[in-house]
>>> print(open('input.txt').read())   # compact mmCIF, C-alpha atoms
# COMPACT_ATOMS: atom_id res chain seq x y z
CA MET A 152 36.08 -12.91 -16.51
CA ASP A 153 33.94 -12.89 -19.66
CA LYS A 154 33.85 -9.27 -20.84
CA ASN A 155 30.45 -9.71 -22.57
CA ILE A 156 28.79 -11.07 -19.44
CA ASP A 157 30.33 -8.30 -17.40
CA LYS A 158 29.04 -5.68 -19.85
CA ALA A 159 25.56 -7.22 -19.83
CA LYS A 160 25.51 -7.18 -16.04
CA ILE A 161 26.58 -3.53 -15.94
CA ALA A 162 23.88 -2.64 -18.49
CA ALA A 163 21.25 -4.50 -16.45
CA ASP A 164 22.36 -2.77 -13.24
CA MET A 165 22.31 0.59 -15.00
CA MET A 166 18.78 -0.08 -16.31
CA ALA A 167 17.59 -1.05 -12.82
CA THR A 168 19.09 2.14 -11.36
CA LEU A 169 17.48 4.27 -14.07
CA LYS A 170 14.10 2.65 -13.44
CA GLU A 171 14.52 3.27 -9.72
CA LEU A 172 15.32 6.94 -10.39
CA GLU A 173 12.33 7.25 -12.72
CA ALA A 174 10.07 5.75 -10.06
CA GLU A 175 11.49 8.15 -7.45
CA ASN A 176 10.97 11.16 -9.73
CA GLU A 177 7.42 10.11 -10.54
CA THR A 178 6.60 9.52 -6.88
CA THR A 179 8.13 12.89 -5.90
CA GLU A 180 5.83 14.58 -8.42
CA LEU A 181 2.80 12.68 -7.08
CA LEU A 182 3.62 13.80 -3.54
CA LYS A 183 3.96 17.53 -4.26
CA ASP A 184 0.30 18.48 -4.21
CA ASN A 185 -3.18 17.11 -3.70
CA SER A 186 -3.92 17.23 -7.42
CA ILE A 187 -2.16 15.12 -10.03
CA VAL A 188 -1.23 16.49 -13.46
CA PHE A 189 -0.31 14.14 -16.31
CA GLU A 190 -0.20 13.96 -20.09
CA VAL A 191 -1.81 11.48 -22.45
CA GLU A 192 -1.55 11.85 -26.23
CA LYS A 193 -0.46 15.51 -26.06
CA LYS A 194 -3.37 16.50 -23.81
CA THR A 195 -2.78 17.65 -20.22
CA TYR A 196 -5.09 16.15 -17.61
CA ARG A 197 -5.56 16.84 -13.92
CA MET A 198 -7.17 14.82 -11.14
CA HIS A 199 -8.13 16.26 -7.78
CA LYS A 200 -9.70 15.04 -4.56
CA PRO A 201 -13.49 15.24 -4.81
CA THR A 202 -15.08 18.43 -3.45
CA SER A 203 -18.10 18.22 -1.12
CA LEU A 204 -20.45 18.74 -4.08
CA GLU A 205 -18.65 16.02 -6.04
CA ARG A 206 -18.80 13.71 -3.02
CA ARG A 207 -22.57 14.16 -2.92
CA LYS A 208 -22.76 13.21 -6.62
CA ILE A 209 -20.62 10.15 -5.91
CA ASP A 210 -22.87 9.15 -2.98
CA ASP A 211 -25.94 9.48 -5.23
CA PHE A 212 -24.28 7.34 -7.87
CA ARG A 213 -23.29 4.71 -5.29
CA ARG A 214 -26.82 4.52 -3.88
CA LYS A 215 -28.44 4.22 -7.32
CA LYS A 216 -25.92 1.63 -8.50
CA TYR A 217 -26.40 -0.37 -5.29
CA ALA A 218 -30.19 -0.32 -5.75
CA THR A 219 -29.80 -1.50 -9.35
CA LEU A 220 -27.52 -4.37 -8.32
CA LEU A 221 -29.93 -5.38 -5.54
CA LYS A 222 -32.82 -5.63 -8.00
CA ASP A 223 -30.84 -7.88 -10.35
CA ASP A 224 -31.09 -11.50 -9.16
CA THR A 225 -27.95 -12.48 -11.07
CA TYR A 226 -25.83 -10.41 -8.66
CA LEU A 227 -24.97 -12.01 -5.33
CA PHE A 228 -23.33 -10.73 -2.14
CA LYS A 229 -19.95 -12.09 -1.08
CA LYS A 230 -21.51 -14.26 1.61
CA GLN A 231 -23.86 -15.78 -0.97
CA TRP A 232 -20.96 -16.48 -3.36
CA ILE A 233 -19.09 -18.15 -0.50
CA GLU A 234 -22.07 -20.49 0.03
CA GLU A 235 -22.31 -21.18 -3.73
CA TYR A 236 -18.60 -22.07 -3.88
CA LYS A 237 -19.02 -24.31 -0.83
CA LYS A 238 -21.65 -26.34 -2.72
CA LYS A 239 -19.10 -26.82 -5.52
CA GLY A 240 -16.45 -27.97 -3.04
CA VAL A 241 -14.45 -24.71 -2.96
CA SER A 242 -14.03 -23.44 0.59
CA ILE A 243 -13.21 -19.73 0.86
CA LYS A 244 -13.15 -20.13 4.65
CA ASP A 245 -10.32 -22.69 4.27
CA LYS A 246 -8.43 -20.27 2.04
CA GLU A 247 -8.88 -17.51 4.63
CA ALA A 248 -7.68 -19.89 7.34
CA HIS A 249 -4.64 -20.62 5.16
CA ILE A 250 -3.91 -16.86 5.03
CA ALA A 251 -4.23 -16.66 8.84
CA THR A 252 -1.72 -19.53 9.15
CA LEU A 253 0.64 -17.71 6.78
CA ASN A 254 0.28 -14.53 8.86
CA ALA A 255 1.24 -16.42 12.03
CA LYS A 256 4.18 -17.99 10.20
CA MET A 257 5.27 -14.56 9.00
CA SER A 258 5.10 -13.15 12.56
CA ALA A 259 7.41 -15.92 13.83
CA THR A 260 9.80 -15.43 10.89
CA LEU A 261 9.94 -11.65 11.48
CA LEU A 262 10.77 -12.13 15.16
CA ARG A 263 13.58 -14.52 14.25
CA LEU A 264 14.83 -12.13 11.54
CA ALA A 265 14.81 -9.15 13.95
CA ALA A 266 17.03 -11.08 16.34
CA SER A 267 19.39 -12.49 13.70
CA THR A 268 22.89 -11.16 13.37
CA THR A 269 24.77 -13.59 11.12
CA PRO A 270 24.62 -12.92 7.35
CA GLN A 271 23.63 -16.53 6.61
CA ASP A 272 20.69 -16.47 9.08
CA ILE A 273 19.57 -13.09 7.75
CA LYS A 274 19.73 -14.35 4.15
CA THR A 275 17.77 -17.54 4.95
CA LEU A 276 15.10 -15.72 6.97
CA LYS A 277 14.71 -12.95 4.38
CA GLU A 278 14.13 -15.63 1.72
CA GLU A 279 11.63 -17.34 4.03
CA ALA A 280 9.80 -14.02 4.59
CA GLN A 281 9.72 -13.33 0.84
CA ALA A 282 8.30 -16.79 0.13
CA ILE A 283 5.55 -16.30 2.77
CA LYS A 284 4.74 -12.83 1.36
CA LEU A 285 4.35 -14.35 -2.11
CA SER A 286 2.06 -17.10 -0.77
CA GLN A 287 -0.01 -14.49 1.12
CA TYR A 288 -0.34 -12.42 -2.06
CA GLU A 289 -1.30 -15.44 -4.19
CA ALA A 290 -3.92 -16.59 -1.67
CA SER A 291 -5.42 -13.08 -1.41
CA VAL A 292 -5.57 -12.70 -5.19
CA GLU A 293 -7.23 -16.12 -5.49
CA ILE A 294 -9.99 -15.12 -3.04
CA ALA A 295 -10.40 -11.69 -4.69
CA ASN A 296 -10.75 -13.35 -8.12
CA LEU A 297 -13.33 -15.83 -6.84
CA LEU A 298 -15.39 -12.98 -5.36
CA SER A 299 -14.86 -10.43 -8.15
CA ASP A 300 -18.47 -10.76 -9.35
CA SER A 301 -19.94 -10.07 -5.90
CA ILE A 302 -22.16 -7.01 -5.39
CA GLU A 303 -19.48 -5.49 -3.14
CA SER A 304 -16.69 -5.84 -5.74
CA VAL A 305 -18.83 -4.75 -8.72
CA LEU A 306 -20.09 -1.72 -6.78
CA LEU A 307 -16.56 -0.74 -5.77
CA MET A 308 -15.32 -0.94 -9.37
CA ALA A 309 -18.28 1.07 -10.66
CA VAL A 310 -17.91 3.76 -7.99
CA ASN A 311 -14.16 4.04 -8.63
CA LEU A 312 -14.76 4.54 -12.33
CA TYR A 313 -17.40 7.17 -11.58
CA VAL A 314 -15.03 9.00 -9.21
CA GLY A 315 -12.45 8.98 -12.03
CA PHE A 316 -15.02 10.52 -14.37
CA ILE A 317 -15.98 13.20 -11.82
CA VAL A 318 -12.44 14.32 -10.85
CA LEU A 319 -10.79 14.17 -14.29
CA GLU A 320 -10.17 17.55 -15.89
CA VAL A 321 -8.46 18.54 -19.12
CA LYS A 322 -6.45 21.71 -19.75
CA ASP A 323 -8.13 24.12 -22.13
CA GLY A 324 -5.83 27.10 -22.75
CA GLU A 325 -5.13 28.45 -19.27
CA ASN A 326 -8.24 26.89 -17.75
CA TRP A 327 -9.28 23.46 -16.60
CA LYS A 328 -12.61 21.94 -17.62
CA PRO A 329 -14.21 18.50 -17.07
CA ALA A 330 -12.53 16.05 -19.44
CA TYR A 331 -15.84 14.28 -20.08
CA THR A 332 -19.37 15.51 -19.59
CA ASP A 333 -21.03 12.22 -20.56
CA TYR A 334 -20.41 9.32 -18.16
CA GLU A 335 -21.39 6.69 -20.74
CA GLU A 336 -18.76 8.08 -23.11
CA PHE A 337 -16.19 7.82 -20.33
CA THR A 338 -17.07 4.19 -19.45
CA VAL A 339 -16.29 2.93 -22.97
CA LEU A 340 -12.81 4.49 -23.01
CA GLU A 341 -9.86 2.14 -23.39
CA GLY A 342 -6.09 2.47 -23.21
CA ALA A 343 -3.62 4.77 -21.55
CA LEU A 344 -6.05 7.39 -20.21
CA VAL A 345 -8.26 4.92 -18.31
CA ASN A 346 -5.23 3.03 -16.99
CA LYS A 347 -3.68 6.26 -15.71
CA VAL A 348 -6.97 7.46 -14.20
CA ILE A 349 -7.35 4.20 -12.25
CA TYR A 350 -3.70 4.23 -11.14
CA TYR A 351 -3.78 7.86 -9.98
CA LEU A 352 -7.12 7.34 -8.27
CA ASN A 353 -5.40 4.83 -5.99
CA CYS A 354 -2.87 7.56 -5.13
CA LEU A 355 -5.58 10.13 -4.43
CA LEU A 356 -8.09 8.11 -2.45
CA TYR A 357 -8.21 5.06 -0.26
CA SER A 358 -10.74 3.12 -2.31
CA GLY A 359 -10.86 0.05 -0.09
CA LYS A 360 -12.92 2.01 2.44
CA ASP A 361 -16.05 1.81 0.29
CA LEU A 362 -15.85 -1.95 0.13
CA TYR A 363 -15.07 -2.21 3.84
CA GLU A 364 -18.02 -0.04 4.80
CA LEU A 365 -20.38 -1.91 2.53
CA SER A 366 -19.28 -5.35 3.65
CA ASN A 367 -19.87 -4.28 7.23
CA THR A 368 -23.27 -2.72 6.77
CA ALA A 369 -24.94 -4.62 3.93
CA THR A 370 -27.12 -7.55 4.90
CA VAL A 371 -27.69 -10.57 2.75
CA SER A 372 -31.28 -10.63 1.58
CA MET B 47 1.30 3.31 -5.89
CA ASN B 48 4.82 2.07 -5.26
CA TYR B 49 5.19 1.61 -1.49
CA LEU B 50 8.86 0.61 -1.81
CA THR B 51 9.74 3.87 -3.58
CA LEU B 52 7.81 5.83 -0.94
CA ARG B 53 9.85 4.15 1.79
CA GLN B 54 13.11 4.80 -0.05
CA LEU B 55 12.24 8.50 -0.35
CA ALA B 56 11.01 8.79 3.25
CA LYS B 57 14.30 7.60 4.74
CA THR B 58 16.52 9.94 2.70
CA PRO B 59 18.32 12.68 4.70
CA GLU B 60 16.63 15.26 2.47
CA TYR B 61 13.10 14.27 3.48
CA GLN B 62 14.05 13.40 7.07
CA ASN B 63 15.51 16.93 7.52
CA LEU B 64 12.45 18.46 5.90
CA PHE B 65 10.18 16.43 8.19
CA VAL B 66 11.98 17.62 11.33
CA ARG B 67 12.23 21.24 10.15
CA ALA B 68 8.56 21.33 9.10
CA LYS B 69 7.63 20.33 12.66
CA GLU B 70 9.91 22.99 14.19
CA ILE B 71 9.65 25.96 11.82
CA ASN B 72 6.36 27.46 10.77
CA GLY B 73 6.32 28.05 7.02
CA ILE B 74 8.42 25.06 6.01
CA ARG B 75 6.15 22.58 4.32
CA ILE B 76 6.57 19.09 2.91
CA PHE B 77 3.74 19.44 0.39
CA LYS B 78 2.23 22.42 -1.46
CA ASN B 79 -1.14 21.75 0.20
CA GLU B 80 -1.41 22.27 3.96
CA TYR B 81 -4.46 20.05 4.47
CA ASP B 82 -6.77 17.71 2.55
CA PHE B 83 -3.96 15.23 1.95
CA THR B 84 -4.14 12.58 -0.75
CA PHE B 85 -3.80 8.92 0.16
CA ILE B 86 -0.21 8.77 -1.14
CA GLN B 87 0.67 11.85 0.95
CA GLN B 88 -0.83 10.24 4.07
CA VAL B 89 1.14 7.03 3.47
CA PHE B 90 4.30 9.11 2.94
CA LEU B 91 3.74 11.02 6.21
CA TYR B 92 3.39 7.67 7.97
CA TYR B 93 6.73 6.48 6.52
CA LEU B 94 8.45 9.78 7.38
CA GLU B 95 7.39 9.37 11.02
CA MET B 96 8.34 5.68 10.98
CA TYR B 97 11.89 6.31 9.70
CA HIS B 98 12.25 9.31 12.02
CA ASN B 99 11.51 6.99 14.96
CA LEU B 100 13.90 4.36 13.60
CA TYR B 101 16.74 6.90 13.35
CA GLN B 102 15.96 8.01 16.90
CA ASP B 103 16.17 4.39 18.08
CA LEU B 104 19.51 4.13 16.30
CA TYR B 105 20.75 7.32 17.97
CA MET B 106 19.56 6.04 21.38
CA LYS B 107 21.45 2.80 20.74
CA GLU B 108 18.33 0.67 21.21
CA PRO B 109 18.93 -3.06 20.86
CA LEU B 110 18.61 -4.86 17.50
CA ILE B 111 18.65 -1.64 15.43
CA SER B 112 21.45 -0.63 13.08
CA GLU B 113 21.97 1.32 9.87
CA SER B 114 21.86 -1.93 7.90
CA VAL B 115 18.47 -2.79 9.45
CA ILE B 116 17.06 0.61 8.42
CA ASN B 117 18.36 0.12 4.88
CA ASP B 118 16.72 -3.30 4.50
CA VAL B 119 12.92 -3.32 4.13
CA ASP B 120 12.46 -6.88 5.45
CA ARG B 121 14.76 -6.39 8.44
CA CYS B 122 13.16 -3.04 9.11
CA ASP B 123 9.69 -4.63 9.21
CA ALA B 124 11.07 -7.39 11.41
CA TYR B 125 12.54 -4.86 13.86
CA LEU B 126 9.30 -2.84 13.97
CA TYR B 127 7.30 -6.00 14.66
CA TRP B 128 9.72 -7.08 17.37
CA LYS B 129 9.56 -3.57 18.92
CA GLN B 130 5.75 -3.62 18.86
CA LYS B 131 5.73 -7.04 20.56
CA ASN B 132 8.32 -5.87 23.03
CA LYS B 133 6.25 -2.78 23.90
CA SER B 134 3.06 -4.73 24.47
CA ASN B 135 4.87 -7.26 26.63
CA PRO B 136 6.96 -5.38 29.26
CA LYS B 137 8.31 -8.69 30.62
CA SER B 138 10.29 -9.18 27.43
CA LYS B 139 12.19 -5.91 28.07
CA ALA B 140 13.90 -7.56 31.00
CA VAL B 141 15.52 -10.10 28.72
CA LYS B 142 16.80 -7.59 26.17
CA THR B 143 20.46 -7.93 27.09
CA GLN B 144 20.28 -11.70 27.14
CA ASP B 145 18.48 -11.62 23.81
CA LEU B 146 21.38 -9.80 22.25
CA GLU B 147 23.80 -12.40 23.50
CA ASN B 148 21.58 -15.21 22.28
CA PRO B 149 19.38 -13.60 19.61
CA GLY B 150 17.74 -16.78 18.37
CA ALA B 151 16.20 -17.36 21.79
CA ILE B 152 13.79 -14.39 21.67
CA VAL B 153 11.06 -16.20 19.80
CA PHE B 154 10.83 -18.97 22.35
CA LYS B 155 10.80 -16.90 25.51
CA GLY B 156 7.10 -15.95 25.52
CA LYS B 157 4.42 -18.35 26.70
CA ARG B 158 3.44 -20.68 23.93
CA LYS B 159 -0.30 -20.70 23.15
>>> encode(input="input.txt", output="structure tokens")
Amino acid sequence: MDKNIDKAKIAADMMATLKELEAENETTELLKDNSIVFEVEKKTYRMHKPTSLERRKIDDFRRKKYATLLKDDTYLFKKQWIEEYKKKGVSIKDKEAHIATLNAKMSATLLRLAASTTPQDIKTLKEEAQAIKLSQYEASVEIANLLSDSIESVLLMAVNLYVGFIVLEVKDGENWKPAYTDYEEFTVLEGALVNKVIYYLNCLLYSGKDLYELSNTATVS
Amino acid sequence: MNYLTLRQLAKTPEYQNLFVRAKEINGIRIFKNEYDFTFIQQVFLYYLEMYHNLYQDLYMKEPLISESVINDVDRCDAYLYWKQKNKSNPKSKAVKTQDLENPGAIVFKGKRK
């Protein structure tokens, strides 16, 4: 056996284990409480679930932003984008049908995997399931990218950023105070802080709900 | 949010014990907060319950479940899907023993649409 290859493999395994442990430690910290504390550039920040007063502010922001997007003719709803793409020969419906086919294929694969007992069958079916999962993910991302400029998606992004602004606090001595008082200042931020705020927001709140609610209630004008 | 890490944590004996004890003994808590759970906490509670049920199935010697299934995310999902299908279709319960003898046959036993 080549000693160098062996050493490289051990180092890679060790690195994978360390990353796994790091991920477990980070997740354990995230689970402890319903507020998340983190550090960026020697400053300690905290994010919490919005209070009822903050939720009202968020609702106000959502309504105003929605009204602004409605007035702007360059913004279209998802359904309108789907029609526009259709004219250009891109069928979102076909892509959605493809995802439905993949889902059915996955169901059949899972049933076969559940009943499999031989290592070779298990290996083959696990690989098949992984390949379907990847295709499902790619197809979903493709649709999401095509519809990323829709009113629903733009509104969701804007509201999420606003929620981040509202719930972000910074430690000041023993006290916590809002990290930013000016929303415009917050929207132009770049780098680690914004990335962490968006990541932790996904841990705090189920953001897809806003989009789901809107897509079910909004009518195409 | 890393769902895989959440699942790995949820099935550990440490968290499984905590989950059971928290249900039985007042004062033992999984999180610092008692209510107003974050999304990640809600997902974690779901996984705790899911693995608790899986370990119970294992203890009850239910068909198609084993330690190796619980330790494999894909096989675990496959078992849960099979169980869900099995529950919603009582007729399939009757063929459980046969299924174990001829596992590959399960998929083809239901009416084809």
>>> interface_residues(input="input.txt", of="chain A", to="chain B", cutoff="10 Å", atoms="only C-alpha atoms", output="PyMOL selection string")
chain A and resi 171-172+174-179+181-187+199-200+257-268+272-273+276-278+280-281+350-358
>>> write_last_selection(input="input.txt", atoms="C-alpha atoms", output="mmCIF file, in the coordinates of the input")
data_model
loop_
_atom_site.group_PDB
_atom_site.id
_atom_site.type_symbol
_atom_site.label_atom_id
_atom_site.label_comp_id
_atom_site.auth_asym_id
_atom_site.auth_seq_id
_atom_site.Cartn_x
_atom_site.Cartn_y
_atom_site.Cartn_z
ATOM 1 C CA GLU A 171 14.520 3.270 -9.720
ATOM 2 C CA LEU A 172 15.320 6.940 -10.390
ATOM 3 C CA ALA A 174 10.070 5.750 -10.060
ATOM 4 C CA GLU A 175 11.490 8.150 -7.450
ATOM 5 C CA ASN A 176 10.970 11.160 -9.730
ATOM 6 C CA GLU A 177 7.420 10.110 -10.540
ATOM 7 C CA THR A 178 6.600 9.520 -6.880
ATOM 8 C CA THR A 179 8.130 12.890 -5.900
ATOM 9 C CA LEU A 181 2.800 12.680 -7.080
ATOM 10 C CA LEU A 182 3.620 13.800 -3.540
ATOM 11 C CA LYS A 183 3.960 17.530 -4.260
ATOM 12 C CA ASP A 184 0.300 18.480 -4.210
ATOM 13 C CA ASN A 185 -3.180 17.110 -3.700
ATOM 14 C CA SER A 186 -3.920 17.230 -7.420
ATOM 15 C CA ILE A 187 -2.160 15.120 -10.030
ATOM 16 C CA HIS A 199 -8.130 16.260 -7.780
ATOM 17 C CA LYS A 200 -9.700 15.040 -4.560
ATOM 18 C CA MET A 257 5.270 -14.560 9.000
ATOM 19 C CA SER A 258 5.100 -13.150 12.560
ATOM 20 C CA ALA A 259 7.410 -15.920 13.830
ATOM 21 C CA THR A 260 9.800 -15.430 10.890
ATOM 22 C CA LEU A 261 9.940 -11.650 11.480
ATOM 23 C CA LEU A 262 10.770 -12.130 15.160
ATOM 24 C CA ARG A 263 13.580 -14.520 14.250
ATOM 25 C CA LEU A 264 14.830 -12.130 11.540
ATOM 26 C CA ALA A 265 14.810 -9.150 13.950
ATOM 27 C CA ALA A 266 17.030 -11.080 16.340
ATOM 28 C CA SER A 267 19.390 -12.490 13.700
ATOM 29 C CA THR A 268 22.890 -11.160 13.370
ATOM 30 C CA ASP A 272 20.690 -16.470 9.080
ATOM 31 C CA ILE A 273 19.570 -13.090 7.750
ATOM 32 C CA LEU A 276 15.100 -15.720 6.970
ATOM 33 C CA LYS A 277 14.710 -12.950 4.380
ATOM 34 C CA GLU A 278 14.130 -15.630 1.720
ATOM 35 C CA ALA A 280 9.800 -14.020 4.590
ATOM 36 C CA GLN A 281 9.720 -13.330 0.840
ATOM 37 C CA TYR A 350 -3.700 4.230 -11.140
ATOM 38 C CA TYR A 351 -3.780 7.860 -9.980
ATOM 39 C CA LEU A 352 -7.120 7.340 -8.270
ATOM 40 C CA ASN A 353 -5.400 4.830 -5.990
ATOM 41 C CA CYS A 354 -2.870 7.560 -5.130
ATOM 42 C CA LEU A 355 -5.580 10.130 -4.430
ATOM 43 C CA LEU A 356 -8.090 8.110 -2.450
ATOM 44 C CA TYR A 357 -8.210 5.060 -0.260
ATOM 45 C CA SER A 358 -10.740 3.120 -2.310
#
>>> residues_around(input="input.txt", residues="His98 (chain B)", least_positions_apart="3", cutoff="9 Å", atoms="only C-alpha atoms", output="VMD selection string")
chain B and resid 56 to 57 62 65 to 66 93 to 95 101 to 103
>>> residues_around(input="input.txt", residues="region 204-209 of chain A", least_positions_apart="4", cutoff="8 Å", atoms="only C-alpha atoms", output="list in words")
Arg213, Val310, Tyr313, Val314 and Ile317 of chain A
>>> closest_residue(input="input.txt", among="A:Phe337, A:Phe212, A:Trp232, A:Trp327", to="Ile294 (chain A)", atoms="only C-alpha atoms")
A:Trp232
>>> build_atoms(input="input.txt", residues="region 102-126 of chain B", atoms="N, CA and C atoms", output="PDB file, keeping the file's coordinate frame")
ATOM      1  N   GLN B 102      15.843   7.654  15.470  1.00  0.00           N
ATOM      2  CA  GLN B 102      15.960   8.010  16.900  1.00  0.00           C
ATOM      3  C   GLN B 102      16.374   6.789  17.720  1.00  0.00           C
ATOM      4  N   ASP B 103      15.792   5.641  17.404  1.00  0.00           N
ATOM      5  CA  ASP B 103      16.170   4.390  18.080  1.00  0.00           C
ATOM      6  C   ASP B 103      17.653   4.105  17.875  1.00  0.00           C
ATOM      7  N   LEU B 104      18.097   4.359  16.636  1.00  0.00           N
ATOM      8  CA  LEU B 104      19.510   4.130  16.300  1.00  0.00           C
ATOM      9  C   LEU B 104      20.395   5.059  17.136  1.00  0.00           C
ATOM     10  N   TYR B 105      19.997   6.321  17.220  1.00  0.00           N
ATOM     11  CA  TYR B 105      20.750   7.320  17.970  1.00  0.00           C
ATOM     12  C   TYR B 105      20.776   6.956  19.468  1.00  0.00           C
ATOM     13  N   MET B 106      19.670   6.415  19.961  1.00  0.00           N
ATOM     14  CA  MET B 106      19.560   6.040  21.380  1.00  0.00           C
ATOM     15  C   MET B 106      20.205   4.691  21.673  1.00  0.00           C
ATOM     16  N   LYS B 107      20.780   4.102  20.633  1.00  0.00           N
ATOM     17  CA  LYS B 107      21.450   2.800  20.740  1.00  0.00           C
ATOM     18  C   LYS B 107      20.516   1.717  21.308  1.00  0.00           C
ATOM     19  N   GLU B 108      19.287   1.705  20.810  1.00  0.00           N
ATOM     20  CA  GLU B 108      18.330   0.670  21.210  1.00  0.00           C
ATOM     21  C   GLU B 108      18.819  -0.679  20.673  1.00  0.00           C
ATOM     22  N   PRO B 109      18.466  -1.767  21.346  1.00  0.00           N
ATOM     23  CA  PRO B 109      18.930  -3.060  20.860  1.00  0.00           C
ATOM     24  C   PRO B 109      18.310  -3.447  19.505  1.00  0.00           C
ATOM     25  N   LEU B 110      19.028  -4.263  18.778  1.00  0.00           N
ATOM     26  CA  LEU B 110      18.610  -4.860  17.500  1.00  0.00           C
ATOM     27  C   LEU B 110      18.487  -3.884  16.327  1.00  0.00           C
ATOM     28  N   ILE B 111      18.755  -2.582  16.548  1.00  0.00           N
ATOM     29  CA  ILE B 111      18.650  -1.640  15.430  1.00  0.00           C
ATOM     30  C   ILE B 111      20.038  -1.215  14.968  1.00  0.00           C
ATOM     31  N   SER B 112      20.181  -1.089  13.653  1.00  0.00           N
ATOM     32  CA  SER B 112      21.450  -0.630  13.080  1.00  0.00           C
ATOM     33  C   SER B 112      21.132   0.026  11.738  1.00  0.00           C
ATOM     34  N   GLU B 113      22.133   0.678  11.182  1.00  0.00           N
ATOM     35  CA  GLU B 113      21.970   1.320   9.870  1.00  0.00           C
ATOM     36  C   GLU B 113      21.557   0.292   8.820  1.00  0.00           C
ATOM     37  N   SER B 114      22.178  -0.895   8.902  1.00  0.00           N
ATOM     38  CA  SER B 114      21.860  -1.930   7.900  1.00  0.00           C
ATOM     39  C   SER B 114      20.420  -2.421   8.033  1.00  0.00           C
ATOM     40  N   VAL B 115      19.877  -2.399   9.242  1.00  0.00           N
ATOM     41  CA  VAL B 115      18.470  -2.790   9.450  1.00  0.00           C
ATOM     42  C   VAL B 115      17.565  -1.746   8.781  1.00  0.00           C
ATOM     43  N   ILE B 116      17.883  -0.461   9.000  1.00  0.00           N
ATOM     44  CA  ILE B 116      17.060   0.610   8.420  1.00  0.00           C
ATOM     45  C   ILE B 116      17.088   0.559   6.891  1.00  0.00           C
ATOM     46  N   ASN B 117      18.229   0.149   6.335  1.00  0.00           N
ATOM     47  CA  ASN B 117      18.360   0.120   4.880  1.00  0.00           C
ATOM     48  C   ASN B 117      17.798  -1.146   4.231  1.00  0.00           C
ATOM     49  N   ASP B 118      17.255  -2.040   5.034  1.00  0.00           N
ATOM     50  CA  ASP B 118      16.720  -3.300   4.500  1.00  0.00           C
ATOM     51  C   ASP B 118      15.240  -3.401   4.878  1.00  0.00           C
ATOM     52  N   VAL B 119      14.369  -3.361   3.874  1.00  0.00           N
ATOM     53  CA  VAL B 119      12.920  -3.320   4.130  1.00  0.00           C
ATOM     54  C   VAL B 119      12.456  -4.489   5.002  1.00  0.00           C
ATOM     55  N   ASP B 120      12.897  -5.693   4.687  1.00  0.00           N
ATOM     56  CA  ASP B 120      12.460  -6.880   5.450  1.00  0.00           C
ATOM     57  C   ASP B 120      12.937  -6.822   6.904  1.00  0.00           C
ATOM     58  N   ARG B 121      14.205  -6.462   7.080  1.00  0.00           N
ATOM     59  CA  ARG B 121      14.760  -6.390   8.440  1.00  0.00           C
ATOM     60  C   ARG B 121      14.126  -5.249   9.224  1.00  0.00           C
ATOM     61  N   CYS B 122      13.820  -4.190   8.501  1.00  0.00           N
ATOM     62  CA  CYS B 122      13.160  -3.040   9.110  1.00  0.00           C
ATOM     63  C   CYS B 122      11.776  -3.445   9.630  1.00  0.00           C
ATOM     64  N   ASP B 123      11.012  -4.143   8.801  1.00  0.00           N
ATOM     65  CA  ASP B 123       9.690  -4.630   9.210  1.00  0.00           C
ATOM     66  C   ASP B 123       9.816  -5.582  10.396  1.00  0.00           C
ATOM     67  N   ALA B 124      10.848  -6.421  10.334  1.00  0.00           N
ATOM     68  CA  ALA B 124      11.070  -7.390  11.410  1.00  0.00           C
ATOM     69  C   ALA B 124      11.353  -6.658  12.727  1.00  0.00           C
ATOM     70  N   TYR B 125      12.208  -5.623  12.646  1.00  0.00           N
ATOM     71  CA  TYR B 125      12.540  -4.860  13.860  1.00  0.00           C
ATOM     72  C   TYR B 125      11.297  -4.162  14.416  1.00  0.00           C
ATOM     73  N   LEU B 126      10.506  -3.556  13.524  1.00  0.00           N
ATOM     74  CA  LEU B 126       9.300  -2.840  13.970  1.00  0.00           C
ATOM     75  C   LEU B 126       8.315  -3.806  14.637  1.00  0.00           C
TER      76      LEU B 126
END
